[in-house]
Amino acid sequence: MATLESLKEKYHQAFKHSLEVLPVFRGEITWVIERDRLKELMTGLKKDGFDYLVDVSSVDNFGEEPRFEMIYELFSYTTEEHLRVKTKVSEDECSVHTVSDLWAGAEWHEREVFDMMGIQFDSHPDLRRILMWDGYPYFPLRKDFPLEGKETEMPDIAFTKPAPLEGGPFVTAPDTAIAQKREPRAKDFVDRE
């Protein structure tokens, strides 16, 4: 079975200017592929031994274009190598081709990305919300989604008003004190200074 180092040259030749191999960072290998060539690359990587799709996630780079980034974490049981594949997705296009036909586990991961970020997956067999209810018009993990939530016209299903932030589990009080003193979950903090 080919190692990742030998595959790098093969794919660099095959994809020419569509594939960027980032410098190794903390032992992590990352390739960035153009969105339109993602499916072709992933198909090849599956054939070349990356038999396990560990995770599919996305990042909202709000204020930049392309706004979104899709991240695929792959693993080869044969060579025991990890590979991260990224692709950029603009807000206008906001879709990529599904890889659920290559790795069945991608189906749920892609549904979660669709539900939380609003990125569509072309040819996905069952693209529907997985956490939020059907008809929910927003995408909660986008950076322009307010922390307190948004009003809804579905009072039997969800809050009708934004949730208060005061005293919430992840909200610190504005203050110049150190984080441990501001953190609401650390009410029993003992000052050791």
# chains A, B, ... in the order shown; residues from 1 in each chain; ligands from 1

call {"tool": "residues_around", "arguments": {"residues": "A:Phe145", "least_positions_apart": "3", "cutoff": "12 Å", "atoms": "only C-alpha atoms", "output": "ChimeraX atom specification"}}
result
/A:60,62,116-118,137-142,148-151,162

call {"tool": "write_last_selection", "arguments": {"atoms": "N, CA, C and O atoms", "output": "short mmCIF file (atom, residue, chain, number, x, y, z; two decimals), in the first residue's frame"}}
result
data_model
loop_
_atom_site.label_atom_id
_atom_site.label_comp_id
_atom_site.auth_asym_id
_atom_site.auth_seq_id
_atom_site.Cartn_x
_atom_site.Cartn_y
_atom_site.Cartn_z
N ASP A 60 -16.80 28.63 10.04
CA ASP A 60 -17.34 29.86 9.50
C ASP A 60 -16.29 30.95 9.66
O ASP A 60 -16.01 31.38 10.77
N PHE A 62 -16.40 34.11 9.09
CA PHE A 62 -17.27 35.28 8.87
C PHE A 62 -16.42 36.52 8.58
O PHE A 62 -15.46 36.81 9.27
N MET A 116 -26.37 22.90 11.17
CA MET A 116 -25.76 23.95 11.99
C MET A 116 -25.15 25.10 11.18
O MET A 116 -25.10 26.22 11.65
N MET A 117 -24.70 24.82 9.94
CA MET A 117 -24.03 25.84 9.12
C MET A 117 -24.78 26.20 7.84
O MET A 117 -24.49 27.22 7.24
N GLY A 118 -25.67 25.34 7.40
CA GLY A 118 -26.43 25.64 6.19
C GLY A 118 -25.73 25.27 4.90
O GLY A 118 -26.16 25.67 3.83
N PRO A 137 -35.46 28.35 10.45
CA PRO A 137 -34.87 29.11 9.35
C PRO A 137 -33.43 29.56 9.54
O PRO A 137 -32.89 30.24 8.67
N TYR A 138 -32.79 29.21 10.65
CA TYR A 138 -31.44 29.72 10.92
C TYR A 138 -30.43 28.59 11.05
O TYR A 138 -30.79 27.43 11.14
N PHE A 139 -29.16 28.99 11.13
CA PHE A 139 -28.07 28.03 11.27
C PHE A 139 -27.23 28.44 12.48
O PHE A 139 -26.41 29.35 12.40
N PRO A 140 -27.43 27.77 13.62
CA PRO A 140 -26.89 28.23 14.89
C PRO A 140 -25.37 28.29 15.05
O PRO A 140 -24.89 28.99 15.93
N LEU A 141 -24.58 27.60 14.23
CA LEU A 141 -23.13 27.69 14.39
C LEU A 141 -22.48 28.74 13.49
O LEU A 141 -21.26 28.92 13.53
N ARG A 142 -23.29 29.46 12.74
CA ARG A 142 -22.73 30.57 11.97
C ARG A 142 -22.38 31.70 12.93
O ARG A 142 -23.09 31.94 13.92
N GLU A 148 -27.71 34.67 22.19
CA GLU A 148 -28.96 34.50 22.92
C GLU A 148 -30.03 33.80 22.11
O GLU A 148 -31.12 33.51 22.62
N GLY A 149 -29.75 33.51 20.85
CA GLY A 149 -30.74 32.84 20.00
C GLY A 149 -31.60 33.86 19.27
O GLY A 149 -31.36 35.06 19.33
N LYS A 150 -32.61 33.38 18.60
CA LYS A 150 -33.52 34.25 17.84
C LYS A 150 -34.95 33.91 18.21
O LYS A 150 -35.26 32.80 18.62
N GLU A 151 -35.81 34.89 18.04
CA GLU A 151 -37.23 34.65 18.31
C GLU A 151 -37.77 33.62 17.33
O GLU A 151 -37.30 33.50 16.21
N PRO A 162 -35.60 35.50 22.74
CA PRO A 162 -34.19 35.14 22.96
C PRO A 162 -33.93 34.82 24.42
O PRO A 162 -34.53 35.41 25.32
#

call {"tool": "residues_around", "arguments": {"residues": "A:Tyr72", "least_positions_apart": "2", "cutoff": "6 Å", "atoms": "only C-alpha atoms", "output": "ChimeraX atom specification"}}
result
/A:55-56,84-85

call {"tool": "write_last_selection", "arguments": {"atoms": "N, CA and C atoms", "output": "mmCIF file, in the first residue's frame"}}
result
data_model
loop_
_atom_site.group_PDB
_atom_site.id
_atom_site.type_symbol
_atom_site.label_atom_id
_atom_site.label_comp_id
_atom_site.auth_asym_id
_atom_site.auth_seq_id
_atom_site.Cartn_x
_atom_site.Cartn_y
_atom_site.Cartn_z
ATOM 1 N N ASP A 55 -14.043 12.212 10.703
ATOM 2 C CA ASP A 55 -14.923 13.325 11.024
ATOM 3 C C ASP A 55 -15.110 14.220 9.808
ATOM 4 N N VAL A 56 -16.238 14.915 9.800
ATOM 5 C CA VAL A 56 -16.513 15.960 8.828
ATOM 6 C C VAL A 56 -16.980 17.156 9.641
ATOM 7 N N ARG A 84 -5.805 15.327 6.770
ATOM 8 C CA ARG A 84 -6.893 16.308 6.821
ATOM 9 C C ARG A 84 -7.032 16.915 5.427
ATOM 10 N N VAL A 85 -8.254 16.937 4.913
ATOM 11 C CA VAL A 85 -8.540 17.545 3.614
ATOM 12 C C VAL A 85 -9.509 18.694 3.854
#

call {"tool": "residues_around", "arguments": {"residues": "A:Lys8", "least_positions_apart": "5", "cutoff": "9 Å", "atoms": "only C-alpha atoms", "output": "PyMOL selection string"}}
result
chain A and resi 3+13+21

call {"tool": "write_last_selection", "arguments": {"atoms": "all heavy atoms", "output": "mmCIF file, in the first residue's frame"}}
result
data_model
loop_
_atom_site.group_PDB
_atom_site.id
_atom_site.type_symbol
_atom_site.label_atom_id
_atom_site.label_comp_id
_atom_site.auth_asym_id
_atom_site.auth_seq_id
_atom_site.Cartn_x
_atom_site.Cartn_y
_atom_site.Cartn_z
ATOM 1 N N THR A 3 2.277 4.928 0.733
ATOM 2 C CA THR A 3 2.283 5.812 1.900
ATOM 3 C C THR A 3 1.797 7.192 1.487
ATOM 4 O O THR A 3 1.756 7.525 0.294
ATOM 5 C CB THR A 3 3.695 5.932 2.491
ATOM 6 O OG1 THR A 3 4.528 6.578 1.531
ATOM 7 C CG2 THR A 3 4.255 4.573 2.881
ATOM 8 N N GLN A 13 0.588 15.889 -8.933
ATOM 9 C CA GLN A 13 0.641 15.845 -10.393
ATOM 10 C C GLN A 13 -0.762 15.802 -10.995
ATOM 11 O O GLN A 13 -1.047 16.489 -11.972
ATOM 12 C CB GLN A 13 1.444 14.623 -10.861
ATOM 13 C CG GLN A 13 2.915 14.697 -10.565
ATOM 14 C CD GLN A 13 3.586 15.869 -11.259
ATOM 15 O OE1 GLN A 13 3.289 16.176 -12.412
ATOM 16 N NE2 GLN A 13 4.464 16.546 -10.542
ATOM 17 N N VAL A 21 -0.655 21.517 -0.753
ATOM 18 C CA VAL A 21 -0.195 20.719 0.376
ATOM 19 C C VAL A 21 0.412 21.684 1.382
ATOM 20 O O VAL A 21 1.428 22.326 1.106
ATOM 21 C CB VAL A 21 0.832 19.660 -0.061
ATOM 22 C CG1 VAL A 21 1.355 18.890 1.137
ATOM 23 C CG2 VAL A 21 0.208 18.714 -1.089
#

call {"tool": "select_by_dssp", "arguments": {"residues": "stretch 25-152 of chain A", "states": "strand (DSSP E or B)", "output": "number ranges by chain"}}
result
A: 25, 28, 30-33, 52-60, 68-76, 81-89, 95-97, 120-122

call {"tool": "closest_residue", "arguments": {"among": "A:Glu20, A:Val32, A:Thr79, A:Leu74", "to": "A:Glu5", "atoms": "only C-alpha atoms"}}
result
A:Thr79

call {"tool": "closest_residue", "arguments": {"among": "A:Asp51, A:Thr152, A:His12, A:Ser6", "to": "A:Glu80", "atoms": "only C-alpha atoms"}}
result
A:Asp51

call {"tool": "closest_residue", "arguments": {"among": "A:Phe75, A:Tyr52, A:Phe68, A:Tyr136", "to": "A:Gly105", "atoms": "only C-alpha atoms"}}
result
A:Tyr52

call {"tool": "select_by_dssp", "arguments": {"residues": "stretch 2-183 of chain A", "states": "alpha helix (DSSP H)", "output": "ChimeraX atom specification"}}
result
/A:4-15,38-47,106-117,179-182

call {"tool": "closest_residue", "arguments": {"among": "A:Ser57, A:Ser100, A:Ser90, A:Thr78", "to": "A:Glu34", "atoms": "only C-alpha atoms"}}
result
A:Ser90

call {"tool": "residues_around", "arguments": {"residues": "A:Ile119", "least_positions_apart": "6", "cutoff": "7 Å", "atoms": "only C-alpha atoms", "output": "list of chain:residue names"}}
result
A:Cys94, A:Ser95, A:Val113

call {"tool": "residues_around", "arguments": {"residues": "A:Met70", "least_positions_apart": "4", "cutoff": "8 Å", "atoms": "only C-alpha atoms", "output": "ChimeraX atom specification"}}
result
/A:56-59,86-89

call {"tool": "write_last_selection", "arguments": {"atoms": "all heavy atoms", "output": "short mmCIF file (atom, residue, chain, number, x, y, z; two decimals), in the first residue's frame"}}
result
data_model
loop_
_atom_site.label_atom_id
_atom_site.label_comp_id
_atom_site.auth_asym_id
_atom_site.auth_seq_id
_atom_site.Cartn_x
_atom_site.Cartn_y
_atom_site.Cartn_z
N VAL A 56 -16.24 14.92 9.80
CA VAL A 56 -16.51 15.96 8.83
C VAL A 56 -16.98 17.16 9.64
O VAL A 56 -17.88 17.03 10.48
CB VAL A 56 -17.63 15.56 7.83
CG1 VAL A 56 -17.94 16.70 6.88
CG2 VAL A 56 -17.25 14.31 7.06
N SER A 57 -16.37 18.30 9.43
CA SER A 57 -16.77 19.49 10.16
C SER A 57 -16.66 20.71 9.25
O SER A 57 -16.24 20.60 8.10
CB SER A 57 -15.92 19.67 11.42
OG SER A 57 -14.56 19.79 11.08
N SER A 58 -17.02 21.85 9.79
CA SER A 58 -16.96 23.09 9.01
C SER A 58 -16.57 24.25 9.91
O SER A 58 -16.74 24.19 11.12
CB SER A 58 -18.31 23.36 8.34
OG SER A 58 -19.31 23.50 9.33
N VAL A 59 -16.07 25.28 9.27
CA VAL A 59 -15.66 26.50 9.97
C VAL A 59 -16.29 27.68 9.26
O VAL A 59 -16.32 27.74 8.03
CB VAL A 59 -14.12 26.65 9.98
CG1 VAL A 59 -13.71 27.98 10.58
CG2 VAL A 59 -13.47 25.50 10.71
N LYS A 86 -9.15 19.87 3.32
CA LYS A 86 -10.00 21.05 3.46
C LYS A 86 -10.42 21.55 2.09
O LYS A 86 -9.69 21.38 1.11
CB LYS A 86 -9.25 22.18 4.17
CG LYS A 86 -8.90 21.91 5.61
CD LYS A 86 -8.22 23.14 6.20
CE LYS A 86 -7.92 22.98 7.66
NZ LYS A 86 -7.36 24.21 8.23
N THR A 87 -11.57 22.19 2.06
CA THR A 87 -11.99 22.90 0.86
C THR A 87 -12.76 24.13 1.29
O THR A 87 -13.43 24.13 2.32
CB THR A 87 -12.83 22.00 -0.07
OG1 THR A 87 -12.97 22.66 -1.33
CG2 THR A 87 -14.21 21.70 0.48
N LYS A 88 -12.65 25.18 0.51
CA LYS A 88 -13.32 26.44 0.82
C LYS A 88 -14.65 26.51 0.07
O LYS A 88 -14.75 26.08 -1.07
CB LYS A 88 -12.42 27.62 0.46
CG LYS A 88 -11.14 27.64 1.30
CD LYS A 88 -10.27 28.82 0.96
CE LYS A 88 -8.96 28.78 1.70
NZ LYS A 88 -9.04 28.94 3.12
N VAL A 89 -15.65 27.06 0.75
CA VAL A 89 -17.00 27.13 0.20
C VAL A 89 -17.50 28.55 0.35
O VAL A 89 -17.57 29.08 1.47
CB VAL A 89 -17.96 26.16 0.95
CG1 VAL A 89 -19.35 26.22 0.35
CG2 VAL A 89 -17.41 24.74 0.92
#

call {"tool": "closest_residue", "arguments": {"among": "A:Asp115, A:Lys39, A:Ala2, A:Asp48", "to": "A:Asp101", "atoms": "only C-alpha atoms"}}
result
A:Lys39

call {"tool": "closest_residue", "arguments": {"among": "A:Trp133, A:Tyr77, A:Phe50, A:Phe25", "to": "A:Trp103", "atoms": "only C-alpha atoms"}}
result
A:Phe50
